[in-house]
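Here is run_29.pdb, consisting of PDB, C-alpha atoms, pLDDT in the B column:
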```pdb
MODEL        1
ATOM      1  CA  MET A   1      -2.763 -29.306  19.844  1.00 50.00           C
ATOM      2  CA  VAL A   2      -6.183 -30.173  18.391  1.00 61.00           C
ATOM      3  CA  ALA A   3      -8.720 -31.420  20.937  1.00 59.00           C
ATOM      4  CA  ASN A   4     -11.170 -34.190  20.141  1.00 71.00           C
ATOM      5  CA  HIS A   5     -14.285 -32.206  20.978  1.00 88.00           C
ATOM      6  CA  PRO A   6     -15.302 -28.582  21.685  1.00 94.00           C
ATOM      7  CA  VAL A   7     -16.728 -29.676  25.049  1.00 93.00           C
ATOM      8  CA  ASP A   8     -13.090 -30.120  26.136  1.00 91.00           C
ATOM      9  CA  PHE A   9     -12.898 -26.316  26.054  1.00 92.00           C
ATOM     10  CA  SER A  10     -16.501 -25.315  26.756  1.00 92.00           C
ATOM     11  CA  THR A  11     -19.116 -27.417  28.535  1.00 93.00           C
ATOM     12  CA  ASP A  12     -21.789 -25.421  26.644  1.00 95.00           C
ATOM     13  CA  LEU A  13     -20.816 -26.946  23.302  1.00 96.00           C
ATOM     14  CA  THR A  14     -22.340 -30.379  23.770  1.00 95.00           C
ATOM     15  CA  GLU A  15     -22.756 -32.878  20.963  1.00 94.00           C
ATOM     16  CA  GLU A  16     -26.546 -32.569  21.127  1.00 94.00           C
ATOM     17  CA  ARG A  17     -26.547 -28.780  20.823  1.00 96.00           C
ATOM     18  CA  LEU A  18     -23.974 -28.741  18.029  1.00 96.00           C
ATOM     19  CA  ASN A  19     -25.911 -31.373  16.086  1.00 95.00           C
ATOM     20  CA  ILE A  20     -29.120 -29.342  16.368  1.00 95.00           C
ATOM     21  CA  VAL A  21     -27.455 -26.077  15.308  1.00 96.00           C
ATOM     22  CA  CYS A  22     -25.542 -27.584  12.392  1.00 95.00           C
ATOM     23  CA  ASN A  23     -28.510 -29.599  11.146  1.00 95.00           C
ATOM     24  CA  LEU A  24     -30.703 -26.489  11.087  1.00 95.00           C
ATOM     25  CA  CYS A  25     -27.893 -24.496   9.430  1.00 95.00           C
ATOM     26  CA  LEU A  26     -27.573 -27.020   6.619  1.00 94.00           C
ATOM     27  CA  ASP A  27     -31.357 -27.079   6.130  1.00 93.00           C
ATOM     28  CA  ALA A  28     -31.388 -23.269   5.841  1.00 94.00           C
ATOM     29  CA  ILE A  29     -28.451 -23.338   3.424  1.00 92.00           C
ATOM     30  CA  ALA A  30     -30.098 -26.052   1.301  1.00 90.00           C
ATOM     31  CA  ASP A  31     -33.221 -23.896   1.002  1.00 92.00           C
ATOM     32  CA  SER A  32     -31.156 -20.838   0.075  1.00 91.00           C
ATOM     33  CA  LEU A  33     -29.342 -22.792  -2.663  1.00 88.00           C
ATOM     34  CA  ILE A  34     -32.652 -23.908  -4.150  1.00 89.00           C
ATOM     35  CA  ASP A  35     -34.092 -20.387  -3.957  1.00 91.00           C
ATOM     36  CA  SER A  36     -31.015 -18.831  -5.604  1.00 89.00           C
ATOM     37  CA  SER A  37     -30.549 -21.313  -8.449  1.00 88.00           C
ATOM     38  CA  SER A  38     -32.101 -19.275 -11.238  1.00 90.00           C
ATOM     39  CA  ILE A  39     -30.097 -18.215 -14.287  1.00 93.00           C
ATOM     40  CA  TYR A  40     -30.158 -14.656 -12.923  1.00 93.00           C
ATOM     41  CA  ASP A  41     -28.418 -15.479  -9.649  1.00 91.00           C
ATOM     42  CA  THR A  42     -24.766 -14.626  -9.177  1.00 91.00           C
ATOM     43  CA  PRO A  43     -22.225 -15.735  -6.574  1.00 87.00           C
ATOM     44  CA  TRP A  44     -23.049 -12.484  -4.743  1.00 90.00           C
ATOM     45  CA  THR A  45     -26.797 -13.167  -4.511  1.00 91.00           C
ATOM     46  CA  LYS A  46     -26.158 -16.780  -3.516  1.00 88.00           C
ATOM     47  CA  GLY A  47     -23.659 -15.778  -0.818  1.00 87.00           C
ATOM     48  CA  CYS A  48     -25.814 -12.982   0.588  1.00 91.00           C
ATOM     49  CA  LEU A  49     -28.908 -15.176   0.707  1.00 93.00           C
ATOM     50  CA  ALA A  50     -27.015 -18.005   2.419  1.00 91.00           C
ATOM     51  CA  TYR A  51     -25.564 -15.693   5.076  1.00 92.00           C
ATOM     52  CA  GLY A  52     -28.893 -13.919   5.553  1.00 93.00           C
ATOM     53  CA  ARG A  53     -30.639 -17.249   6.053  1.00 94.00           C
ATOM     54  CA  LEU A  54     -28.113 -18.199   8.747  1.00 94.00           C
ATOM     55  CA  GLN A  55     -28.762 -14.904  10.513  1.00 94.00           C
ATOM     56  CA  GLY A  56     -32.522 -15.430  10.257  1.00 95.00           C
ATOM     57  CA  LEU A  57     -32.141 -18.957  11.599  1.00 95.00           C
ATOM     58  CA  VAL A  58     -30.269 -17.802  14.691  1.00 95.00           C
ATOM     59  CA  ILE A  59     -32.848 -15.050  15.295  1.00 95.00           C
ATOM     60  CA  HIS A  60     -35.637 -17.644  15.028  1.00 95.00           C
ATOM     61  CA  MET A  61     -33.860 -20.091  17.345  1.00 95.00           C
ATOM     62  CA  ALA A  62     -33.264 -17.353  19.910  1.00 94.00           C
ATOM     63  CA  LYS A  63     -36.991 -16.499  19.931  1.00 94.00           C
ATOM     64  CA  SER A  64     -38.096 -20.130  20.075  1.00 91.00           C
ATOM     65  CA  ARG A  65     -38.877 -21.797  23.377  1.00 88.00           C
ATOM     66  CA  ASP A  66     -37.469 -25.031  21.961  1.00 93.00           C
ATOM     67  CA  TYR A  67     -33.884 -23.746  22.198  1.00 95.00           C
ATOM     68  CA  GLU A  68     -33.581 -21.928  25.509  1.00 93.00           C
ATOM     69  CA  TRP A  69     -29.816 -22.523  25.501  1.00 96.00           C
ATOM     70  CA  ILE A  70     -29.234 -20.168  22.545  1.00 96.00           C
ATOM     71  CA  VAL A  71     -29.613 -16.386  22.477  1.00 95.00           C
ATOM     72  CA  LEU A  72     -28.626 -13.697  19.995  1.00 94.00           C
ATOM     73  CA  ALA A  73     -25.806 -11.715  21.582  1.00 94.00           C
ATOM     74  CA  ASN A  74     -25.738  -9.052  18.862  1.00 91.00           C
ATOM     75  CA  LYS A  75     -27.727  -8.352  15.681  1.00 88.00           C
ATOM     76  CA  THR A  76     -24.984  -6.727  13.597  1.00 87.00           C
ATOM     77  CA  MET A  77     -23.679  -8.129  10.312  1.00 87.00           C
ATOM     78  CA  ASP A  78     -21.177 -10.203  12.319  1.00 87.00           C
ATOM     79  CA  PHE A  79     -24.114 -11.533  14.348  1.00 92.00           C
ATOM     80  CA  THR A  80     -23.094 -13.645  17.305  1.00 94.00           C
ATOM     81  CA  ALA A  81     -24.996 -16.403  19.057  1.00 95.00           C
ATOM     82  CA  ARG A  82     -24.492 -17.340  22.673  1.00 95.00           C
ATOM     83  CA  ILE A  83     -24.760 -21.096  23.143  1.00 96.00           C
ATOM     84  CA  GLY A  84     -25.040 -21.403  26.889  1.00 94.00           C
ATOM     85  CA  SER A  85     -22.426 -18.809  27.820  1.00 93.00           C
ATOM     86  CA  THR A  86     -20.148 -19.466  24.815  1.00 95.00           C
ATOM     87  CA  LEU A  87     -20.131 -17.006  21.912  1.00 95.00           C
ATOM     88  CA  VAL A  88     -20.184 -18.401  18.369  1.00 96.00           C
ATOM     89  CA  GLN A  89     -20.186 -16.670  14.987  1.00 96.00           C
ATOM     90  CA  PHE A  90     -21.251 -18.147  11.636  1.00 95.00           C
ATOM     91  CA  VAL A  91     -19.154 -17.872   8.471  1.00 94.00           C
ATOM     92  CA  VAL A  92     -19.711 -19.061   4.907  1.00 92.00           C
ATOM     93  CA  ASP A  93     -16.124 -20.031   4.076  1.00 92.00           C
ATOM     94  CA  ASP A  94     -13.614 -22.877   3.974  1.00 92.00           C
ATOM     95  CA  PRO A  95     -12.690 -23.858   7.549  1.00 92.00           C
ATOM     96  CA  TYR A  96      -9.316 -25.285   6.500  1.00 91.00           C
ATOM     97  CA  ASN A  97      -8.306 -22.359   4.292  1.00 92.00           C
ATOM     98  CA  PRO A  98     -10.469 -19.345   5.214  1.00 91.00           C
ATOM     99  CA  LYS A  99     -10.459 -16.421   2.807  1.00 92.00           C
ATOM    100  CA  LYS A 100     -12.538 -14.140   5.043  1.00 90.00           C
ATOM    101  CA  THR A 101      -9.806 -13.856   7.662  1.00 90.00           C
ATOM    102  CA  HIS A 102     -11.364 -10.665   9.074  1.00 90.00           C
ATOM    103  CA  ARG A 103     -14.161 -12.905  10.395  1.00 91.00           C
ATOM    104  CA  LEU A 104     -11.654 -14.612  12.700  1.00 90.00           C
ATOM    105  CA  HIS A 105     -11.070 -11.393  14.665  1.00 91.00           C
ATOM    106  CA  THR A 106     -13.000 -10.920  17.886  1.00 89.00           C
ATOM    107  CA  ASN A 107     -15.868  -8.453  17.783  1.00 88.00           C
ATOM    108  CA  SER A 108     -16.921  -6.131  20.621  1.00 89.00           C
ATOM    109  CA  VAL A 109     -19.206  -8.730  22.242  1.00 92.00           C
ATOM    110  CA  GLU A 110     -16.453 -11.356  22.207  1.00 89.00           C
ATOM    111  CA  ASN A 111     -13.878  -8.869  23.523  1.00 86.00           C
ATOM    112  CA  MET A 112     -16.128  -8.060  26.478  1.00 88.00           C
ATOM    113  CA  GLN A 113     -16.639 -11.761  27.219  1.00 87.00           C
ATOM    114  CA  LEU A 114     -12.897 -12.444  27.008  1.00 85.00           C
ATOM    115  CA  SER A 115     -12.134  -9.676  29.482  1.00 83.00           C
ATOM    116  CA  LEU A 116     -14.652 -11.201  31.911  1.00 82.00           C
ATOM    117  CA  ASP A 117     -13.144 -14.661  31.360  1.00 77.00           C
ATOM    118  CA  PHE A 118      -9.668 -13.353  32.159  1.00 72.00           C
ATOM    119  CA  GLU A 119     -10.938 -12.028  35.473  1.00 71.00           C
ATOM    120  CA  SER A 120     -12.550 -15.324  36.451  1.00 72.00           C
ATOM    121  CA  LYS A 121     -10.194 -17.887  34.896  1.00 71.00           C
ATOM    122  CA  ALA A 122      -6.480 -18.404  35.059  1.00 62.00           C
ATOM    123  CA  ARG A 123      -6.351 -19.495  31.405  1.00 73.00           C
ATOM    124  CA  VAL A 124      -8.418 -19.087  28.232  1.00 76.00           C
ATOM    125  CA  ASP A 125      -7.521 -21.515  25.432  1.00 87.00           C
ATOM    126  CA  VAL A 126     -10.118 -20.659  22.762  1.00 90.00           C
ATOM    127  CA  ALA A 127     -10.595 -16.976  21.957  1.00 90.00           C
ATOM    128  CA  THR A 128     -13.166 -17.387  19.186  1.00 93.00           C
ATOM    129  CA  TRP A 129     -15.572 -20.058  17.975  1.00 96.00           C
ATOM    130  CA  ARG A 130     -16.742 -20.112  14.364  1.00 96.00           C
ATOM    131  CA  VAL A 131     -19.251 -22.359  12.618  1.00 96.00           C
ATOM    132  CA  PHE A 132     -18.038 -22.609   9.028  1.00 96.00           C
ATOM    133  CA  ILE A 133     -20.499 -23.517   6.296  1.00 93.00           C
ATOM    134  CA  THR A 134     -18.697 -24.668   3.185  1.00 89.00           C
ATOM    135  CA  PHE A 135     -19.795 -25.951  -0.214  1.00 78.00           C
ATOM    136  CA  ASP A 136     -17.964 -28.938  -1.683  1.00 68.00           C
ATOM    137  CA  LYS A 137     -18.692 -29.880  -5.288  1.00 59.00           C
ATOM    138  CA  HIS A 138     -18.891 -33.557  -6.209  1.00 51.00           C
ATOM    139  CA  ASP A 139     -20.213 -34.819  -9.572  1.00 46.00           C
ATOM    140  CA  GLN A 140     -22.525 -31.909 -10.412  1.00 51.00           C
ATOM    141  CA  GLN A 141     -23.755 -31.705  -6.829  1.00 61.00           C
ATOM    142  CA  VAL A 142     -22.997 -29.188  -4.115  1.00 67.00           C
ATOM    143  CA  GLN A 143     -22.684 -30.639  -0.631  1.00 80.00           C
ATOM    144  CA  PRO A 144     -22.933 -28.009   2.116  1.00 86.00           C
ATOM    145  CA  SER A 145     -21.147 -29.072   5.281  1.00 91.00           C
ATOM    146  CA  ALA A 146     -20.678 -27.564   8.743  1.00 94.00           C
ATOM    147  CA  VAL A 147     -17.505 -27.422  10.819  1.00 95.00           C
ATOM    148  CA  LEU A 148     -17.031 -25.760  14.213  1.00 96.00           C
ATOM    149  CA  VAL A 149     -13.533 -24.382  14.736  1.00 96.00           C
ATOM    150  CA  GLY A 150     -12.021 -22.924  17.901  1.00 95.00           C
ATOM    151  CA  PHE A 151      -9.204 -20.404  17.444  1.00 93.00           C
ATOM    152  CA  ASP A 152      -6.633 -19.194  19.945  1.00 91.00           C
ATOM    153  CA  PHE A 153      -5.599 -15.544  20.347  1.00 88.00           C
ATOM    154  CA  ASN A 154      -3.230 -15.803  17.386  1.00 90.00           C
ATOM    155  CA  GLN A 155      -6.039 -17.152  15.178  1.00 91.00           C
ATOM    156  CA  ASN A 156      -4.514 -20.616  15.114  1.00 92.00           C
ATOM    157  CA  PRO A 157      -7.135 -23.383  14.984  1.00 93.00           C
ATOM    158  CA  ILE A 158      -6.872 -25.572  18.065  1.00 93.00           C
ATOM    159  CA  CYS A 159     -10.192 -27.414  17.872  1.00 94.00           C
ATOM    160  CA  PHE A 160     -12.067 -28.864  14.900  1.00 94.00           C
ATOM    161  CA  TRP A 161     -15.475 -30.506  15.089  1.00 95.00           C
ATOM    162  CA  ASN A 162     -17.109 -31.807  11.899  1.00 93.00           C
ATOM    163  CA  TYR A 163     -20.844 -32.251  11.645  1.00 92.00           C
ATOM    164  CA  GLU A 164     -21.313 -35.686  10.113  1.00 81.00           C
ATOM    165  CA  ASP A 165     -24.302 -35.082   7.829  1.00 65.00           C
ATOM    166  CA  THR A 166     -24.031 -33.287   4.510  1.00 50.00           C
ATOM    167  CA  ILE A 167     -26.903 -32.337   2.225  1.00 51.00           C
ATOM    168  CA  PRO A 168     -26.352 -33.057  -1.486  1.00 49.00           C
ATOM    169  CA  MET A 169     -27.829 -30.376  -3.731  1.00 47.00           C
ATOM    170  CA  PRO A 170     -27.813 -30.094  -7.549  1.00 49.00           C
ATOM    171  CA  VAL A 171     -25.382 -27.472  -8.829  1.00 45.00           C
ATOM    172  CA  ALA A 172     -28.151 -25.952 -10.938  1.00 44.00           C
ATOM    173  CA  ALA A 173     -31.851 -26.620 -10.916  1.00 45.00           C
ATOM    174  CA  GLU A 174     -33.315 -27.937 -14.148  1.00 49.00           C
ATOM    175  CA  LEU A 175     -35.554 -25.487 -15.947  1.00 48.00           C
ATOM    176  CA  THR A 176     -39.063 -26.753 -16.553  1.00 52.00           C
ATOM    177  CA  ASN A 177     -41.027 -26.040 -19.719  1.00 59.00           C
ATOM    178  CA  VAL A 178     -43.848 -23.572 -19.534  1.00 60.00           C
ATOM    179  CA  VAL A 179     -47.240 -25.242 -19.829  1.00 62.00           C
ATOM    180  CA  GLU A 180     -49.926 -23.286 -21.626  1.00 70.00           C
ATOM    181  CA  ILE A 181     -53.271 -23.489 -19.845  1.00 72.00           C
ATOM    182  CA  PRO A 182     -56.283 -22.578 -21.995  1.00 74.00           C
ATOM    183  CA  GLU A 183     -58.350 -19.700 -20.761  1.00 72.00           C
ATOM    184  CA  PRO A 184     -61.628 -20.983 -19.286  1.00 70.00           C
ATOM    185  CA  GLN A 185     -64.912 -20.084 -20.975  1.00 70.00           C
ATOM    186  CA  LEU A 186     -67.034 -18.033 -18.637  1.00 69.00           C
ATOM    187  CA  ALA A 187     -70.826 -18.297 -18.587  1.00 68.00           C
ATOM    188  CA  ARG A 188     -73.321 -16.544 -16.427  1.00 70.00           C
ATOM    189  CA  LYS A 189     -74.785 -18.709 -13.711  1.00 67.00           C
ATOM    190  CA  GLN A 190     -78.536 -19.179 -13.909  1.00 67.00           C
ATOM    191  CA  ASN A 191     -80.590 -18.550 -10.833  1.00 66.00           C
ATOM    192  CA  ARG A 192     -83.515 -20.782  -9.767  1.00 61.00           C
ATOM    193  CA  ASP A 193     -86.251 -18.552 -11.270  1.00 60.00           C
ATOM    194  CA  ASP A 194     -84.674 -18.841 -14.712  1.00 58.00           C
ATOM    195  CA  GLU A 195     -84.435 -22.624 -14.395  1.00 56.00           C
ATOM    196  CA  VAL A 196     -88.126 -22.891 -13.388  1.00 53.00           C
ATOM    197  CA  ASN A 197     -89.194 -20.691 -16.336  1.00 58.00           C
ATOM    198  CA  GLU A 198     -87.197 -22.835 -18.791  1.00 58.00           C
ATOM    199  CA  THR A 199     -88.895 -26.053 -17.625  1.00 56.00           C
ATOM    200  CA  ARG A 200     -92.435 -24.665 -18.142  1.00 56.00           C
TER     201      ARG A 200
ENDMDL
END
```
Represent the structure contained in this file as structure tokens.
Amino acid sequence: MVANHPVDFSTDLTEERLNIVCNLCLDAIADSLIDSSSIYDTPWTKGCLAYGRLQGLVIHMAKSRDYEWIVLANKTMDFTARIGSTLVQFVVDDPYNPKKTHRLHTNSVENMQLSLDFESKARVDVATWRVFITFDKHDQQVQPSAVLVGFDFNQNPICFWNYEDTIPMPVAAELTNVVEIPEPQLARKQNRDDEVNETR
């Protein structure tokens, strides 16, 4: 079963909040793609910068008074945000065919939350929430997109939510020619006494 919206499983994951998070994620990713588009960048530097920017974004949002509904639940490499009371991790991967399957496992923060949920609820449908950032290539452009996926305990996806906006980016930035600027001629500035003497 695939639900129409994450709010069917968690009232914290409202359309407004998800739109804000995903929009900011795509902005951060767009900046990281521009900053890592030199001829010296490799898939490793591009991937690390993109993931680091997502982590920095969540840290910034958690400190900001504009987003009181989001906090940083842990600062480890598998950093986890708490949107309301719902834990969400961020992954740079394909949501429909993830290669980083280890990122679907629950971490210690999520395990603790699940144990509390079991005590207070009769049933828990979604064990983990992941925001996937993926890069689709179309006609020499990369289009980062964001998808929130809810997984059950067997890591089966039971909820997909697609953020509607994508940000088209060039695959590679064009190199600009170096412009030679002539070195300026320096001259000593005359003071007023010298100017008065010259006019006499």
Residue neighbourhood stretch 124-129 of chain A, 12 Å, all atoms listed in the file, exclusion window fewer than 2 positions, as a PyMOL selection string: chain A and resi 1-3+6-10+12-13+80-83+86-91+95+103-122+131-132+147-161
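Atom CA of A:Leu26 is positioned 6.5 Å from atom CA of A:Pro144.
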Would you compute the box with edges along x, y and z of the file around stretch 147-150 of chain A, including every atom the file lists for it and 4 Å extra on each side, and give its centre and edge lengths in Å to one decimal, as JSON?
```
{"center_x": -14.8, "center_y": -25.2, "center_z": 14.4, "size_x": 13.5, "size_y": 12.5, "size_z": 15.1}
```
Length of the atom CA of A:Cys22 to atom CA of A:Thr134 vector [Å]: 11.8 Å
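Taking atom CA of A:Thr14 and atom CA of A:Lys100 as the two end points, the separation is 26.7 Å.
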May I have the residues within 12 Å of A:Tyr67 as a compact mmCIF listing (two decimals) with C-alpha atoms, in the coordinates of the input, using only C-alpha atoms and disregarding those fewer than 5 positions away in the same chain?
```
# COMPACT_ATOMS: atom_id res chain seq x y z
CA GLU A 16 -26.55 -32.57 21.13
CA ARG A 17 -26.55 -28.78 20.82
CA LEU A 18 -23.97 -28.74 18.03
CA ILE A 20 -29.12 -29.34 16.37
CA VAL A 21 -27.46 -26.08 15.31
CA LEU A 24 -30.70 -26.49 11.09
CA LEU A 57 -32.14 -18.96 11.60
CA VAL A 58 -30.27 -17.80 14.69
CA ILE A 59 -32.85 -15.05 15.30
CA HIS A 60 -35.64 -17.64 15.03
CA MET A 61 -33.86 -20.09 17.34
CA ALA A 62 -33.26 -17.35 19.91
CA LEU A 72 -28.63 -13.70 20.00
CA ALA A 81 -25.00 -16.40 19.06
CA ARG A 82 -24.49 -17.34 22.67
CA ILE A 83 -24.76 -21.10 23.14
CA GLY A 84 -25.04 -21.40 26.89
```
Contact residues around stretch 33-36 of chain A with all atoms listed in the file at 7 Å, ignoring same-chain residues under 4 positions, as a PyMOL selection string: chain A and resi 29+41+46
Point (-25.2, -21.8, 0.8) neighbourhood (12 Å, all atoms listed in the file) written as a ChimeraX atom specification: /A:25-37,43-54,91-93,132-136,142-146,167-169,171
